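Chemist: Have a look at the structure that comes next, please.
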Amino acid sequence: MKKRIEVVAAVIKKDNTYFCAQRKDQGELARKWEFPGGKIEKGETQAKALKREIKEELNTIIEVKDFLITVNHEYNTFNLVMHAYECEVIEGDLDTTEHLDQKWLTKEEMAAFDFAAADLPIIDILN
Ligand SMILES: Nc1nc2c([nH]c(=O)n2[C@H]2C[C@H](O)[C@@H](COP(=O)(O)OP(=O)(O)OP(=O)(O)O)O2)c(=O)[nH]1
């Protein structure tokens, strides 16, 4: 049985662009682009986990707004369950320390970036 990982991801919009980040060069998803977030810890709600991850990774306080989608994706080394939420920056500049790169991208521009496979259904529903 593959390991099951449950994560939350923040879709942060500015004008018609979304905040996207590139993962570090390690693991099955090395260098892939994603929406920032991370694993839910025991006893945490999805919203609490997302606020904590964005504070830790991007030194920014967010408000978690509308639920967007839950994606189930089977990677080679694990099964992923990912819950995506629309989020708003309350305070901070989204300075990433945990990523190789970060960009504000329109939905159309995302097609030219190598996103994690599980993110494609999220990108699909952006408007
Ligand atoms: N945060 C986030 N993770 C994603 C996305 N798409 C996707 O497949 N993932 C996967 C990558 C990771 O395996 C997992 C998120 O875990 P993570 O970023 O907290 O942790 P990690 O694997 O770097 O591990 P660790 O730091 O806890 O050791 O979900 C996405 O858009 N955002």
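By convention in this document, the chains of the structure tokens carry letters A, B, ... by their order, each chain's residues are numbered from 1, and ligands are numbered from 1 in the order they are shown.
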Name each residue within 6 Å of ligand 1, counting only C-alpha atoms and all ligand atoms, as a ChimeraX atom specification.
Modeler: /A:7,9,34-39,116,118-119
Chemist: Keeping only N, CA and C atoms, take the residues you just selected and write them out as an mmCIF file, in the first residue's frame.
Modeler:
data_model
loop_
_atom_site.group_PDB
_atom_site.id
_atom_site.type_symbol
_atom_site.label_atom_id
_atom_site.label_comp_id
_atom_site.auth_asym_id
_atom_site.auth_seq_id
_atom_site.Cartn_x
_atom_site.Cartn_y
_atom_site.Cartn_z
ATOM 1 N N VAL A 7 -3.049 17.038 1.973
ATOM 2 C CA VAL A 7 -2.484 18.392 2.004
ATOM 3 C C VAL A 7 -3.545 19.439 1.662
ATOM 4 N N ALA A 9 -3.845 23.428 -0.180
ATOM 5 C CA ALA A 9 -3.130 24.327 -1.084
ATOM 6 C C ALA A 9 -3.890 25.648 -1.188
ATOM 7 N N GLU A 34 3.642 24.587 -8.167
ATOM 8 C CA GLU A 34 2.507 24.230 -7.317
ATOM 9 C C GLU A 34 1.887 25.491 -6.721
ATOM 10 N N PHE A 35 0.782 25.287 -6.018
ATOM 11 C CA PHE A 35 0.192 26.322 -5.180
ATOM 12 C C PHE A 35 0.704 26.047 -3.765
ATOM 13 N N PRO A 36 1.146 27.072 -3.046
ATOM 14 C CA PRO A 36 1.786 26.802 -1.759
ATOM 15 C C PRO A 36 0.831 26.172 -0.757
ATOM 16 N N GLY A 37 1.402 25.432 0.171
ATOM 17 C CA GLY A 37 0.600 24.751 1.184
ATOM 18 C C GLY A 37 1.415 23.645 1.792
ATOM 19 N N GLY A 38 0.740 22.610 2.283
ATOM 20 C CA GLY A 38 1.475 21.487 2.863
ATOM 21 C C GLY A 38 0.559 20.562 3.621
ATOM 22 N N LYS A 39 1.183 19.679 4.375
ATOM 23 C CA LYS A 39 0.449 18.585 5.014
ATOM 24 C C LYS A 39 -0.375 19.068 6.204
ATOM 25 N N ALA A 116 2.843 20.240 -10.917
ATOM 26 C CA ALA A 116 2.594 18.911 -10.363
ATOM 27 C C ALA A 116 1.295 18.382 -10.984
ATOM 28 N N ALA A 118 -1.139 16.681 -9.938
ATOM 29 C CA ALA A 118 -2.353 16.838 -9.140
ATOM 30 C C ALA A 118 -2.925 18.253 -9.213
ATOM 31 N N ASP A 119 -2.135 19.204 -9.697
ATOM 32 C CA ASP A 119 -2.595 20.593 -9.759
ATOM 33 C C ASP A 119 -3.428 20.897 -11.006
#
Chemist: Quick one: everything within 10 Å of Glu56 in chain A, counting only C-alpha atoms, minus sequence neighbours fewer than 3 positions away in the same chain. Send it as a list of chain:residue names.
Modeler: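 The residues satisfying every condition are A:Gly37, A:Leu50, A:Lys51, A:Arg52, A:Glu53, A:Asn59, A:Thr60, A:Ile61, A:Thr96, A:Thr97, A:Glu98.
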Chemist: Write the residues you've just listed into a file as a short mmCIF file (atom, residue, chain, number, x, y, z; two decimals), in the first residue's frame, and include C-alpha atoms for each of them.
Modeler:
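This went into again_31.cif:
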data_model
loop_
_atom_site.label_atom_id
_atom_site.label_comp_id
_atom_site.auth_asym_id
_atom_site.auth_seq_id
_atom_site.Cartn_x
_atom_site.Cartn_y
_atom_site.Cartn_z
CA GLY A 37 0.60 24.75 1.18
CA LEU A 50 -3.29 26.25 5.44
CA LYS A 51 -2.82 29.37 7.55
CA ARG A 52 0.03 27.68 9.43
CA GLU A 53 1.80 26.47 6.28
CA ASN A 59 5.96 34.51 6.29
CA THR A 60 2.50 35.79 5.37
CA ILE A 61 -0.85 35.80 7.15
CA THR A 96 9.35 32.18 -0.13
CA THR A 97 12.22 30.47 1.61
CA GLU A 98 11.07 26.94 0.85
#
Chemist: I need the alpha helix (DSSP H) residues of chain A per DSSP on the backbone, written as a list in words.
Modeler: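 Across chain A, those assigned alpha helix (DSSP H) are Gln46, Ala47, Lys48, Ala49, Leu50, Lys51, Arg52, Glu53, Ile54, Lys55, Glu56, Glu57, Leu58, Lys107, Glu108, Glu109, Met110, Leu120, Pro121, Ile122, Ile123, Asp124 and Ile125 of chain A.
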Chemist: Selected residues, N, CA and C atoms, written as a compact mmCIF listing (two decimals), in the first residue's frame, please.
Modeler:
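Listed below is the output, again_18.txt:
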# COMPACT_ATOMS: atom_id res chain seq x y z
N GLN A 46 -8.62 22.01 8.02
CA GLN A 46 -7.95 22.34 6.76
C GLN A 46 -7.54 23.81 6.74
N ALA A 47 -8.43 24.68 7.20
CA ALA A 47 -8.13 26.12 7.18
C ALA A 47 -6.96 26.45 8.11
N LYS A 48 -6.94 25.82 9.26
CA LYS A 48 -5.86 26.09 10.22
C LYS A 48 -4.53 25.61 9.65
N ALA A 49 -4.52 24.45 9.03
CA ALA A 49 -3.29 23.91 8.42
C ALA A 49 -2.78 24.85 7.33
N LEU A 50 -3.70 25.37 6.55
CA LEU A 50 -3.29 26.25 5.44
C LEU A 50 -2.70 27.56 5.97
N LYS A 51 -3.35 28.13 6.96
CA LYS A 51 -2.82 29.37 7.55
C LYS A 51 -1.42 29.13 8.15
N ARG A 52 -1.26 28.00 8.82
CA ARG A 52 0.03 27.68 9.43
C ARG A 52 1.11 27.48 8.36
N GLU A 53 0.80 26.73 7.33
CA GLU A 53 1.80 26.47 6.28
C GLU A 53 2.23 27.75 5.58
N ILE A 54 1.29 28.63 5.30
CA ILE A 54 1.63 29.86 4.57
C ILE A 54 2.43 30.81 5.48
N LYS A 55 2.14 30.79 6.76
CA LYS A 55 2.94 31.58 7.70
C LYS A 55 4.37 31.03 7.75
N GLU A 56 4.50 29.70 7.85
CA GLU A 56 5.82 29.07 7.95
C GLU A 56 6.63 29.23 6.66
N GLU A 57 5.99 28.98 5.52
CA GLU A 57 6.73 28.94 4.24
C GLU A 57 6.92 30.31 3.62
N LEU A 58 5.96 31.20 3.83
CA LEU A 58 5.98 32.47 3.09
C LEU A 58 5.92 33.69 4.01
N LYS A 107 -3.86 32.13 -15.74
CA LYS A 107 -4.21 30.75 -16.07
C LYS A 107 -3.57 30.34 -17.39
N GLU A 108 -3.57 31.23 -18.37
CA GLU A 108 -2.99 30.93 -19.68
C GLU A 108 -1.49 30.71 -19.59
N GLU A 109 -0.81 31.54 -18.80
CA GLU A 109 0.65 31.39 -18.65
C GLU A 109 1.04 30.08 -17.97
N MET A 110 0.16 29.56 -17.12
CA MET A 110 0.48 28.33 -16.39
C MET A 110 0.76 27.16 -17.32
N LEU A 120 -3.38 20.01 -11.99
CA LEU A 120 -4.07 20.33 -13.25
C LEU A 120 -5.58 20.52 -13.07
N PRO A 121 -6.26 19.71 -12.24
CA PRO A 121 -7.70 19.96 -12.03
C PRO A 121 -7.97 21.30 -11.33
N ILE A 122 -7.02 21.76 -10.52
CA ILE A 122 -7.19 23.08 -9.88
C ILE A 122 -7.09 24.16 -10.96
N ILE A 123 -6.06 24.07 -11.78
CA ILE A 123 -5.85 25.07 -12.83
C ILE A 123 -7.09 25.13 -13.74
N ASP A 124 -7.61 23.96 -14.06
CA ASP A 124 -8.80 23.85 -14.92
C ASP A 124 -9.97 24.70 -14.45
N ILE A 125 -10.17 24.75 -13.12
CA ILE A 125 -11.37 25.44 -12.63
C ILE A 125 -11.14 26.92 -12.33
Chemist: Using only C-alpha atoms, which residue out of A:Ala84, A:Ala10, A:Leu126, A:Ala117 lies closest to Leu29 in chain A?
Modeler: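 With only C-alpha atoms as the atom set, the closest residue is A:Ala117.
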Chemist: Find the residues around Leu80 in chain A up to 9 Å (only C-alpha atoms counted), leave out those fewer than 2 positions away in its own chain, and share them as a PyMOL selection string.
Modeler: chain A and resi 3-7+71-75+78+82+118
Chemist: Just to be explicit: take each residue in the selection above, keep C-alpha atoms, and write the result as a PDB file, in the first residue's frame.
Modeler:
ATOM      1  CA  LYS A   3       1.438   6.114   1.726  1.00  0.00           C
ATOM      2  CA  ARG A   4      -1.554   8.507   1.758  1.00  0.00           C
ATOM      3  CA  ILE A   5      -0.696  12.178   2.116  1.00  0.00           C
ATOM      4  CA  GLU A   6      -3.390  14.791   2.802  1.00  0.00           C
ATOM      5  CA  VAL A   7      -2.484  18.392   2.004  1.00  0.00           C
ATOM      6  CA  VAL A  71      -8.116  16.387  -5.896  1.00  0.00           C
ATOM      7  CA  ASN A  72      -7.215  12.711  -5.467  1.00  0.00           C
ATOM      8  CA  HIS A  73      -4.065  11.799  -7.377  1.00  0.00           C
ATOM      9  CA  GLU A  74      -1.954   8.646  -7.461  1.00  0.00           C
ATOM     10  CA  TYR A  75       1.756   9.425  -7.753  1.00  0.00           C
ATOM     11  CA  PHE A  78       2.311   8.039  -2.688  1.00  0.00           C
ATOM     12  CA  MET A  82      -5.323  17.761  -1.829  1.00  0.00           C
ATOM     13  CA  ALA A 118      -2.353  16.838  -9.140  1.00  0.00           C
TER      14      ALA A 118
END
Chemist: Considering only C-alpha atoms, state which residue in the set A:Gly27, A:Ile62, A:Ile40, A:Thr45 is at the smallest distance from Asp93 in chain A.
Modeler: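 Using only C-alpha atoms, the shortest distance to Asp93 in chain A belongs to A:Ile62.
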Chemist: How many Å separate CA of Gln102 in chain A from CA of Glu28 in chain A?
Modeler: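 CA of Glu28 in chain A lies at a distance of 19.4 Å from CA of Gln102 in chain A.
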Chemist: Would you mind telling me which residue in A:Lys14, A:Lys2, A:Lys24, A:Lys32 lies nearest to Phe113 in chain A when using only C-alpha atoms?
Modeler: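 The shortest atom-to-atom distance to Phe113 in chain A comes from A:Lys32.
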Chemist: Out of range 33-86 of chain A, which residues get strand (DSSP E or B) from DSSP, as a PyMOL selection string?
Modeler: chain A and resi 33-34+37-39+61-74+78-86
Chemist: Go ahead and write the selection's residues with N, CA and C atoms as a CSV table (one decimal), in the first residue's frame.
Modeler:
chain,number,residue,atom,x,y,z
A,33,TRP,N,6.0,23.0,-10.4
A,33,TRP,CA,5.3,24.2,-9.9
A,33,TRP,C,4.1,23.8,-9.1
A,34,GLU,N,3.6,24.6,-8.2
A,34,GLU,CA,2.5,24.2,-7.3
A,34,GLU,C,1.9,25.5,-6.7
A,37,GLY,N,1.4,25.4,0.2
A,37,GLY,CA,0.6,24.8,1.2
A,37,GLY,C,1.4,23.6,1.8
A,38,GLY,N,0.7,22.6,2.3
A,38,GLY,CA,1.5,21.5,2.9
A,38,GLY,C,0.6,20.6,3.6
A,39,LYS,N,1.2,19.7,4.4
A,39,LYS,CA,0.4,18.6,5.0
A,39,LYS,C,-0.4,19.1,6.2
A,61,ILE,N,0.4,36.2,6.5
A,61,ILE,CA,-0.9,35.8,7.1
A,61,ILE,C,-1.9,35.9,6.1
A,62,ILE,N,-2.7,34.8,5.9
A,62,ILE,CA,-3.8,34.8,5.0
A,62,ILE,C,-5.1,34.5,5.6
A,63,GLU,N,-6.2,34.9,4.9
A,63,GLU,CA,-7.5,34.5,5.3
A,63,GLU,C,-7.9,33.4,4.3
A,64,VAL,N,-8.4,32.3,4.8
A,64,VAL,CA,-8.9,31.2,3.9
A,64,VAL,C,-10.3,31.5,3.6
A,65,LYS,N,-10.6,31.6,2.3
A,65,LYS,CA,-12.0,32.0,1.8
A,65,LYS,C,-12.7,30.8,1.3
A,66,ASP,N,-13.1,30.8,0.0
A,66,ASP,CA,-13.9,29.7,-0.5
A,66,ASP,C,-13.2,28.4,-0.8
A,67,PHE,N,-13.8,27.3,-0.5
A,67,PHE,CA,-13.3,26.0,-0.9
A,67,PHE,C,-13.4,25.9,-2.4
A,68,LEU,N,-12.4,25.3,-3.1
A,68,LEU,CA,-12.4,25.2,-4.5
A,68,LEU,C,-12.6,23.8,-5.0
A,69,ILE,N,-11.8,22.9,-4.5
A,69,ILE,CA,-11.8,21.5,-5.1
A,69,ILE,C,-11.0,20.6,-4.2
A,70,THR,N,-11.4,19.3,-4.2
A,70,THR,CA,-10.5,18.3,-3.6
A,70,THR,C,-10.0,17.4,-4.7
A,71,VAL,N,-8.7,17.2,-4.8
A,71,VAL,CA,-8.1,16.4,-5.9
A,71,VAL,C,-7.5,15.1,-5.3
A,72,ASN,N,-7.9,14.0,-5.8
A,72,ASN,CA,-7.2,12.7,-5.5
A,72,ASN,C,-6.3,12.3,-6.6
A,73,HIS,N,-5.0,12.1,-6.3
A,73,HIS,CA,-4.1,11.8,-7.4
A,73,HIS,C,-3.1,10.7,-6.9
A,74,GLU,N,-2.9,9.7,-7.8
A,74,GLU,CA,-2.0,8.6,-7.5
A,74,GLU,C,-0.6,8.9,-8.1
A,78,PHE,N,3.3,7.8,-3.7
A,78,PHE,CA,2.3,8.0,-2.7
A,78,PHE,C,1.0,8.4,-3.3
A,79,ASN,N,-0.1,8.3,-2.5
A,79,ASN,CA,-1.4,8.8,-3.0
A,79,ASN,C,-1.7,10.1,-2.3
A,80,LEU,N,-2.1,11.1,-3.1
A,80,LEU,CA,-2.3,12.4,-2.6
A,80,LEU,C,-3.8,12.8,-2.5
A,81,VAL,N,-4.2,13.4,-1.4
A,81,VAL,CA,-5.5,14.0,-1.3
A,81,VAL,C,-5.2,15.5,-1.1
A,82,MET,N,-5.7,16.3,-2.0
A,82,MET,CA,-5.3,17.8,-1.8
A,82,MET,C,-6.6,18.6,-1.9
A,83,HIS,N,-6.8,19.5,-0.9
A,83,HIS,CA,-7.9,20.4,-0.8
A,83,HIS,C,-7.4,21.8,-1.1
A,84,ALA,N,-8.0,22.4,-2.1
A,84,ALA,CA,-7.6,23.8,-2.5
A,84,ALA,C,-8.6,24.8,-2.1
A,85,TYR,N,-8.1,25.9,-1.6
A,85,TYR,CA,-9.0,27.0,-1.2
A,85,TYR,C,-8.5,28.3,-1.8
A,86,GLU,N,-9.5,29.2,-2.1
A,86,GLU,CA,-9.2,30.5,-2.5
A,86,GLU,C,-8.7,31.3,-1.2
Chemist: Using CA of Asp25 in chain A and CA of Val89 in chain A as the two end points, give the distance in Å to one decimal.
Modeler: 27.1 Å
Chemist: I'd like the interatomic distance between CA of Asn76 in chain A and CA of Tyr18 in chain A, to a tenth of an Å.
Modeler: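 According to the coordinates, CA of Asn76 in chain A and CA of Tyr18 in chain A are separated by 27.7 Å.
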